[in-house]
>>> print(open('my_file.pdb').read())   # PDB, C-alpha atoms
ATOM      1  CA  LEU A   1     -33.143 -20.532  -5.063
ATOM      2  CA  VAL A   2     -32.763 -16.738  -5.448
ATOM      3  CA  ASP A   3     -35.774 -14.500  -5.338
ATOM      4  CA  ALA A   4     -34.236 -11.560  -7.194
ATOM      5  CA  ASP A   5     -33.492 -10.352 -10.673
ATOM      6  CA  SER A   6     -29.862 -10.959 -11.622
ATOM      7  CA  GLU A   7     -28.548  -8.661 -14.325
ATOM      8  CA  LEU A   8     -24.987  -9.045 -15.546
ATOM      9  CA  GLU A   9     -23.342  -6.028 -17.111
ATOM     10  CA  THR A  10     -22.418  -6.636 -20.732
ATOM     11  CA  ASP A  11     -20.369  -3.439 -21.137
ATOM     12  CA  PRO A  12     -16.743  -4.290 -20.191
ATOM     13  CA  LEU A  13     -16.201  -0.715 -18.984
ATOM     14  CA  ASN A  14     -18.626  -1.306 -16.118
ATOM     15  CA  TRP A  15     -16.377  -4.082 -14.810
ATOM     16  CA  LEU A  16     -13.353  -1.800 -14.554
ATOM     17  CA  ASP A  17     -12.078   0.454 -11.797
ATOM     18  CA  ARG A  18     -12.380   3.696 -13.765
ATOM     19  CA  GLN A  19     -10.738   5.959 -11.196
ATOM     20  CA  LEU A  20      -7.227   6.904 -12.262
ATOM     21  CA  PHE A  21      -6.424   9.051  -9.224
ATOM     22  CA  ASP A  22      -7.895  10.290  -5.965
ATOM     23  CA  VAL A  23      -5.475  13.037  -4.913
ATOM     24  CA  ASP A  24      -6.254  15.699  -2.320
ATOM     25  CA  SER A  25      -6.021  19.102  -4.013
ATOM     26  CA  GLN A  26      -3.909  20.385  -1.114
ATOM     27  CA  SER A  27      -1.250  17.821  -2.035
ATOM     28  CA  VAL A  28      -0.628  19.536  -5.377
ATOM     29  CA  GLN A  29       2.399  21.807  -5.017
ATOM     30  CA  ARG A  30       3.034  22.775  -8.619
ATOM     31  CA  VAL A  31       1.438  22.259 -12.026
ATOM     32  CA  GLU A  32       3.201  22.779 -15.343
ATOM     33  CA  ILE A  33       1.107  22.841 -18.521
ATOM     34  CA  LEU A  34       3.252  22.700 -21.652
ATOM     35  CA  HIS A  35       1.561  23.031 -25.029
ATOM     36  CA  ALA A  36       3.025  21.787 -28.291
ATOM     37  CA  SER A  37       2.943  25.390 -29.538
ATOM     38  CA  GLY A  38       5.554  26.290 -26.902
ATOM     39  CA  GLU A  39       3.196  28.040 -24.477
ATOM     40  CA  GLU A  40       3.793  27.126 -20.830
ATOM     41  CA  VAL A  41       1.498  27.841 -17.907
ATOM     42  CA  VAL A  42       2.810  27.291 -14.371
ATOM     43  CA  LEU A  43       0.796  27.193 -11.163
ATOM     44  CA  GLN A  44       2.659  27.200  -7.847
ATOM     45  CA  ARG A  45       1.384  26.645  -4.328
ATOM     46  CA  VAL A  46       1.901  29.617  -2.033
ATOM     47  CA  GLY A  47       0.586  28.803   1.430
ATOM     48  CA  GLU A  48      -2.949  27.474   1.050
ATOM     49  CA  GLN A  49      -3.394  28.844  -2.470
ATOM     50  CA  LEU A  50      -2.349  27.677  -5.916
ATOM     51  CA  VAL A  51      -1.372  30.796  -7.840
ATOM     52  CA  ILE A  52      -0.772  31.332 -11.543
ATOM     53  CA  LEU A  53       2.694  32.628 -12.365
ATOM     54  CA  GLY A  54       3.479  35.096 -15.131
ATOM     55  CA  ILE A  55       0.099  36.795 -15.477
ATOM     56  CA  PRO A  56       0.495  39.769 -17.876
ATOM     57  CA  GLU A  57       0.508  43.076 -16.000
ATOM     58  CA  ASP A  58      -2.367  44.481 -18.042
ATOM     59  CA  ARG A  59      -4.644  41.453 -17.533
ATOM     60  CA  ASN A  60      -6.831  40.174 -14.693
ATOM     61  CA  LEU A  61      -7.976  36.740 -13.630
ATOM     62  CA  SER A  62     -11.446  35.749 -14.763
ATOM     63  CA  SER A  63     -12.303  35.086 -11.103
ATOM     64  CA  PRO A  64     -10.507  34.631  -7.746
ATOM     65  CA  GLY A  65     -11.205  30.907  -8.063
ATOM     66  CA  ALA A  66      -9.707  30.461 -11.526
ATOM     67  CA  ALA A  67      -6.738  28.346 -10.391
ATOM     68  CA  PRO A  68      -8.176  25.844  -7.833
ATOM     69  CA  PRO A  69     -10.004  23.667 -10.402
ATOM     70  CA  VAL A  70      -6.620  22.654 -11.817
ATOM     71  CA  SER A  71      -5.436  21.415  -8.410
ATOM     72  CA  ARG A  72      -8.689  19.443  -8.066
ATOM     73  CA  ALA A  73      -8.289  17.743 -11.447
ATOM     74  CA  LEU A  74      -6.751  14.625  -9.862
ATOM     75  CA  SER A  75      -9.198  14.461  -6.971
ATOM     76  CA  SER A  76     -11.509  12.127  -8.889
ATOM     77  CA  LEU A  77     -10.104  11.552 -12.347
ATOM     78  CA  LEU A  78     -12.201   8.948 -14.182
ATOM     79  CA  PHE A  79     -11.755   7.509 -17.648
ATOM     80  CA  ASP A  80     -14.534   6.710 -20.117
ATOM     81  CA  ASP A  81     -12.604   4.291 -22.281
ATOM     82  CA  VAL A  82      -9.185   2.664 -22.438
ATOM     83  CA  LEU A  83      -7.067   1.266 -25.256
ATOM     84  CA  PRO A  84      -3.692  -0.441 -25.402
ATOM     85  CA  ARG A  85      -1.219   2.181 -26.543
ATOM     86  CA  ALA A  86      -0.086  -0.132 -29.346
ATOM     87  CA  GLN A  87      -3.601   0.061 -30.828
ATOM     88  CA  PHE A  88      -3.748   3.853 -30.614
ATOM     89  CA  GLU A  89      -2.174   4.883 -33.887
ATOM     90  CA  ASP A  90      -0.256   8.140 -34.253
ATOM     91  CA  PHE A  91      -0.482   9.257 -30.645
ATOM     92  CA  ASP A  92       0.849  12.803 -30.918
ATOM     93  CA  PRO A  93       0.378  14.723 -27.631
ATOM     94  CA  GLN A  94      -0.745  18.309 -27.998
ATOM     95  CA  ALA A  95       0.039  19.105 -24.368
ATOM     96  CA  THR A  96       2.003  17.697 -21.433
ATOM     97  CA  VAL A  97       0.773  18.400 -17.906
ATOM     98  CA  ARG A  98       2.956  17.669 -14.870
ATOM     99  CA  PHE A  99       1.522  17.598 -11.348
ATOM    100  CA  HIS A 100       4.123  17.749  -8.562
ATOM    101  CA  LEU A 101       2.756  16.392  -5.265
ATOM    102  CA  ASP A 102       3.959  16.820  -1.707
ATOM    103  CA  ASP A 103       4.614  13.077  -1.387
ATOM    104  CA  GLY A 104       7.337  13.340  -4.034
ATOM    105  CA  ARG A 105       5.326  12.027  -6.972
ATOM    106  CA  ARG A 106       5.321  13.657 -10.385
ATOM    107  CA  ILE A 107       2.226  12.671 -12.336
ATOM    108  CA  THR A 108       2.568  13.401 -16.038
ATOM    109  CA  LEU A 109      -0.395  13.416 -18.412
ATOM    110  CA  GLN A 110       0.228  13.616 -22.142
ATOM    111  CA  ALA A 111      -2.937  14.809 -23.822
ATOM    112  CA  GLN A 112      -4.328  14.610 -27.332
ATOM    113  CA  GLN A 113      -7.619  15.765 -28.795
ATOM    114  CA  ARG A 114      -8.772  13.532 -31.640
ATOM    115  CA  GLU A 115     -11.936  14.759 -33.338
ATOM    116  CA  ASP A 116     -14.534  14.856 -30.550
ATOM    117  CA  GLU A 117     -12.572  12.578 -28.187
ATOM    118  CA  ARG A 118      -9.979  13.464 -25.544
ATOM    119  CA  TRP A 119      -7.195  11.004 -24.690
ATOM    120  CA  VAL A 120      -4.316  10.958 -22.205
ATOM    121  CA  SER A 121      -1.400   8.745 -21.295
ATOM    122  CA  VAL A 122      -0.266   8.602 -17.670
ATOM    123  CA  GLN A 123       3.180   8.338 -16.116
ATOM    124  CA  VAL A 124       4.084   8.353 -12.420
ATOM    125  CA  ALA A 125       7.642   9.041 -11.257
ATOM    126  CA  LEU A 126       9.509  10.395  -8.251
ATOM    127  CA  ASP A 127      10.725  13.962  -8.322
ATOM    128  CA  PRO A 128      14.351  14.320  -7.211
ATOM    129  CA  VAL A 129      14.779  15.602  -3.684
ATOM    130  CA  GLU A 130      15.531  19.285  -3.966
ATOM    131  CA  SER A 131      18.665  20.364  -2.132
ATOM    132  CA  SER A 132      18.685  23.758  -0.498
ATOM    133  CA  ALA A 133      21.357  25.545   1.414
ATOM    134  CA  GLY A 134      18.708  27.294   3.479
ATOM    135  CA  PRO A 135      19.226  30.573   5.311
ATOM    136  CA  GLU A 136      22.705  31.591   6.276
ATOM    137  CA  PRO A 137      23.494  30.656   9.866
ATOM    138  CA  ALA A 138      23.526  33.510  12.316
ATOM    139  CA  VAL A 139      26.946  34.656  13.472
ATOM    140  CA  THR A 140      27.268  34.186  17.204
ATOM    141  CA  THR A 141      29.898  35.962  19.228
ATOM    142  CA  ALA A 142      30.933  33.585  21.969
ATOM    143  CA  ASP A 143      31.892  34.664  25.468
ATOM    144  CA  PRO A 144      35.706  34.309  25.738
ATOM    145  CA  GLY A 145      35.210  32.280  28.882
ATOM    146  CA  SER A 146      32.768  29.853  27.339
ATOM    147  CA  ALA A 147      33.348  26.791  25.191
ATOM    148  CA  GLY A 148      31.493  28.369  22.256
ATOM    149  CA  PRO A 149      28.119  27.588  20.713
ATOM    150  CA  ASP A 150      26.990  24.011  20.406
ATOM    151  CA  THR A 151      26.939  23.955  16.599
ATOM    152  CA  ALA A 152      26.561  20.168  16.436
ATOM    153  CA  GLY A 153      23.490  20.315  18.642
ATOM    154  CA  GLU A 154      21.999  23.159  16.600
ATOM    155  CA  ALA A 155      22.544  21.217  13.380
ATOM    156  CA  ALA A 156      20.861  18.127  14.823
ATOM    157  CA  ASN A 157      17.879  20.205  15.954
ATOM    158  CA  GLU A 158      17.528  21.784  12.496
ATOM    159  CA  GLU A 159      17.586  18.363  10.840
ATOM    160  CA  ALA A 160      14.954  17.064  13.245
ATOM    161  CA  VAL A 161      12.666  20.049  12.571
ATOM    162  CA  ALA A 162      13.104  19.650   8.805
ATOM    163  CA  ALA A 163      12.308  15.941   8.967
ATOM    164  CA  GLU A 164       9.195  16.607  11.029
ATOM    165  CA  ALA A 165       7.978  19.337   8.667
ATOM    166  CA  ALA A 166       8.560  17.357   5.463
ATOM    167  CA  PRO A 167       5.632  15.258   4.207
ATOM    168  CA  ASP A 168       6.081  11.527   3.841
ATOM    169  CA  ARG A 169       7.665  10.704   0.501
ATOM    170  CA  LEU A 170       6.594   7.556  -1.262
ATOM    171  CA  ASP A 171       9.413   5.150  -1.905
ATOM    172  CA  ALA A 172      10.570   4.198  -5.380
ATOM    173  CA  GLU A 173       8.935   0.758  -5.241
ATOM    174  CA  GLN A 174       5.495   2.208  -4.482
ATOM    175  CA  VAL A 175       5.802   4.696  -7.316
ATOM    176  CA  ALA A 176       7.019   2.008  -9.739
ATOM    177  CA  ARG A 177       3.949  -0.124  -8.949
ATOM    178  CA  GLN A 178       1.666   2.825  -9.648
ATOM    179  CA  ASP A 179       3.435   3.627 -12.904
ATOM    180  CA  ALA A 180       3.212  -0.006 -14.031
ATOM    181  CA  ARG A 181      -0.573   0.167 -13.734
ATOM    182  CA  PHE A 182      -0.728   2.890 -16.398
ATOM    183  CA  ALA A 183       2.125   1.821 -18.667
ATOM    184  CA  GLY A 184       1.025   0.774 -22.134
ATOM    185  CA  TRP A 185      -2.491   2.263 -21.930
ATOM    186  CA  ILE A 186      -4.256   5.334 -23.319
ATOM    187  CA  TYR A 187      -7.330   6.658 -21.487
ATOM    188  CA  ARG A 188     -10.270   8.622 -22.832
ATOM    189  CA  LEU A 189     -11.569  11.374 -20.568
ATOM    190  CA  GLU A 190     -14.791  13.319 -20.575
ATOM    191  CA  VAL A 191     -14.389  16.669 -22.314
ATOM    192  CA  TYR A 192     -14.876  18.756 -19.172
ATOM    193  CA  MET A 193     -12.226  16.758 -17.273
ATOM    194  CA  TYR A 194      -9.790  17.112 -20.137
ATOM    195  CA  GLU A 195     -10.359  20.860 -20.447
ATOM    196  CA  GLN A 196      -9.898  21.280 -16.716
ATOM    197  CA  ILE A 197      -6.347  19.992 -17.122
ATOM    198  CA  VAL A 198      -5.213  21.318 -20.506
ATOM    199  CA  ARG A 199      -5.519  25.066 -20.116
ATOM    200  CA  ARG A 200      -3.841  28.068 -21.636
ATOM    201  CA  MET A 201      -3.138  31.376 -19.949
ATOM    202  CA  GLU A 202      -6.104  32.946 -21.772
ATOM    203  CA  ASP A 203      -8.414  30.426 -20.129
ATOM    204  CA  PHE A 204      -7.620  31.944 -16.712
ATOM    205  CA  LEU A 205      -8.027  35.596 -17.716
ATOM    206  CA  LEU A 206     -10.751  38.097 -18.451
ATOM    207  CA  PRO A 207     -10.956  39.106 -22.110
ATOM    208  CA  ALA A 208      -8.392  41.724 -23.084
ATOM    209  CA  ALA A 209      -9.705  45.286 -23.184
ATOM    210  CA  GLN A 210     -10.408  46.470 -26.707
TER     211      GLN A 210
END
>>> encode(input="my_file.pdb", output="structure tokens")
Amino acid sequence: LVDADSELETDPLNWLDRQLFDVDSQSVQRVEILHASGEEVVLQRVGEQLVILGIPEDRNLSSPGAAPPVSRALSSLLFDDVLPRAQFEDFDPQATVRFHLDDGRRITLQAQQREDERWVSVQVALDPVESSAGPEPAVTTADPGSAGPDTAGEAANEEAVAAEAAPDRLDAEQVARQDARFAGWIYRLEVYMYEQIVRRMEDFLLPAAQ
């Protein structure tokens, strides 16, 4: 009854949704790359740019666009294979990478290179809401004949502005559902995707002058 060739995929991987994340690079506010050796590389958003902190004074970036690829790492992160964590013997992460997003999520990838394969585990959690005292309030000298400044009204206005400026945070239930999707699994990434995430300071810099 069907005038067409029907081919069923026999590779189980082709039946899976292989996309781990689809995160806008502008949502990434901070990235922390911690290597087992103790080296830590931190990238922080400043305005529209993600900048690398702690660059040695006598070194230069390899290019002006050295940092953005890290913020784009989650924009289309695909896996090539997946295993239950219980079947992945001796998982010993060589690096931990934490992405802090403007919706409050902290996405943590623990990464291990095993021979010619690259594997990661994934955890999603909520960052705590940072408290900040903000700038000191201006001192206002009231007219002796007036009732004084409307401090309650000013405080309400400041709270309204802050609420409007803050991005929408995901609630704990949403984040828990996302985390449950990844719990108990280890994912294999393509080498170039893995290396885009697990970087050292030297990977961002021009070679040192001899």
>>> resolve_selection(input="my_file.pdb", expression="the PyMOL selection byres ((chain A and resi 203-207) around 8)", output="PDB file with C-alpha atoms, keeping the file's coordinate frame")
ATOM      1  CA  ARG A  59      -4.644  41.453 -17.533  1.00  0.00           C
ATOM      2  CA  ASN A  60      -6.831  40.174 -14.693  1.00  0.00           C
ATOM      3  CA  LEU A  61      -7.976  36.740 -13.630  1.00  0.00           C
ATOM      4  CA  SER A  62     -11.446  35.749 -14.763  1.00  0.00           C
ATOM      5  CA  SER A  63     -12.303  35.086 -11.103  1.00  0.00           C
ATOM      6  CA  ALA A  66      -9.707  30.461 -11.526  1.00  0.00           C
ATOM      7  CA  ALA A  67      -6.738  28.346 -10.391  1.00  0.00           C
ATOM      8  CA  ARG A 199      -5.519  25.066 -20.116  1.00  0.00           C
ATOM      9  CA  ARG A 200      -3.841  28.068 -21.636  1.00  0.00           C
ATOM     10  CA  MET A 201      -3.138  31.376 -19.949  1.00  0.00           C
ATOM     11  CA  GLU A 202      -6.104  32.946 -21.772  1.00  0.00           C
ATOM     12  CA  ALA A 208      -8.392  41.724 -23.084  1.00  0.00           C
ATOM     13  CA  ALA A 209      -9.705  45.286 -23.184  1.00  0.00           C
TER      14      ALA A 209
END
>>> atom_distance(input="my_file.pdb", atom1="atom CA of Glu115 of chain A", atom2="atom CA of Val191 of chain A")
11.5 Å
>>> closest_residue(input="my_file.pdb", among="A:Leu53, A:Leu16, A:Ala180, A:Val129", to="Glu32 of chain A", atoms="all atoms listed in the file")
A:Leu53
>>> resolve_selection(input="my_file.pdb", expression="the PyMOL selection byres ((chain A and resi 79-88) around 8)", output="list in words")
Leu13, Arg18, Gln19, Leu20, Leu77, Leu78, Glu89, Asp90, Phe91, Gly184, Trp185, Ile186, Tyr187, Arg188, Leu189 and Glu190 of chain A
>>> residues_around(input="my_file.pdb", residues="Val198 of chain A", least_positions_apart="6", cutoff="10 Å", atoms="all atoms listed in the file", output="MDAnalysis selection string")
chainID A and resid 32:35 41 70 94:97 109:112
>>> atom_distance(input="my_file.pdb", atom1="atom CA of Ser75 of chain A", atom2="atom CA of Ser25 of chain A")
6.4 Å
>>> atom_distance(input="my_file.pdb", atom1="atom CA of Arg169 of chain A", atom2="atom CA of Pro128 of chain A")
10.8 Å
>>> closest_residue(input="my_file.pdb", among="A:Asp179, A:Glu7, A:Asp92, A:Asp103", to="Gln123 of chain A", atoms="only C-alpha atoms")
A:Asp179
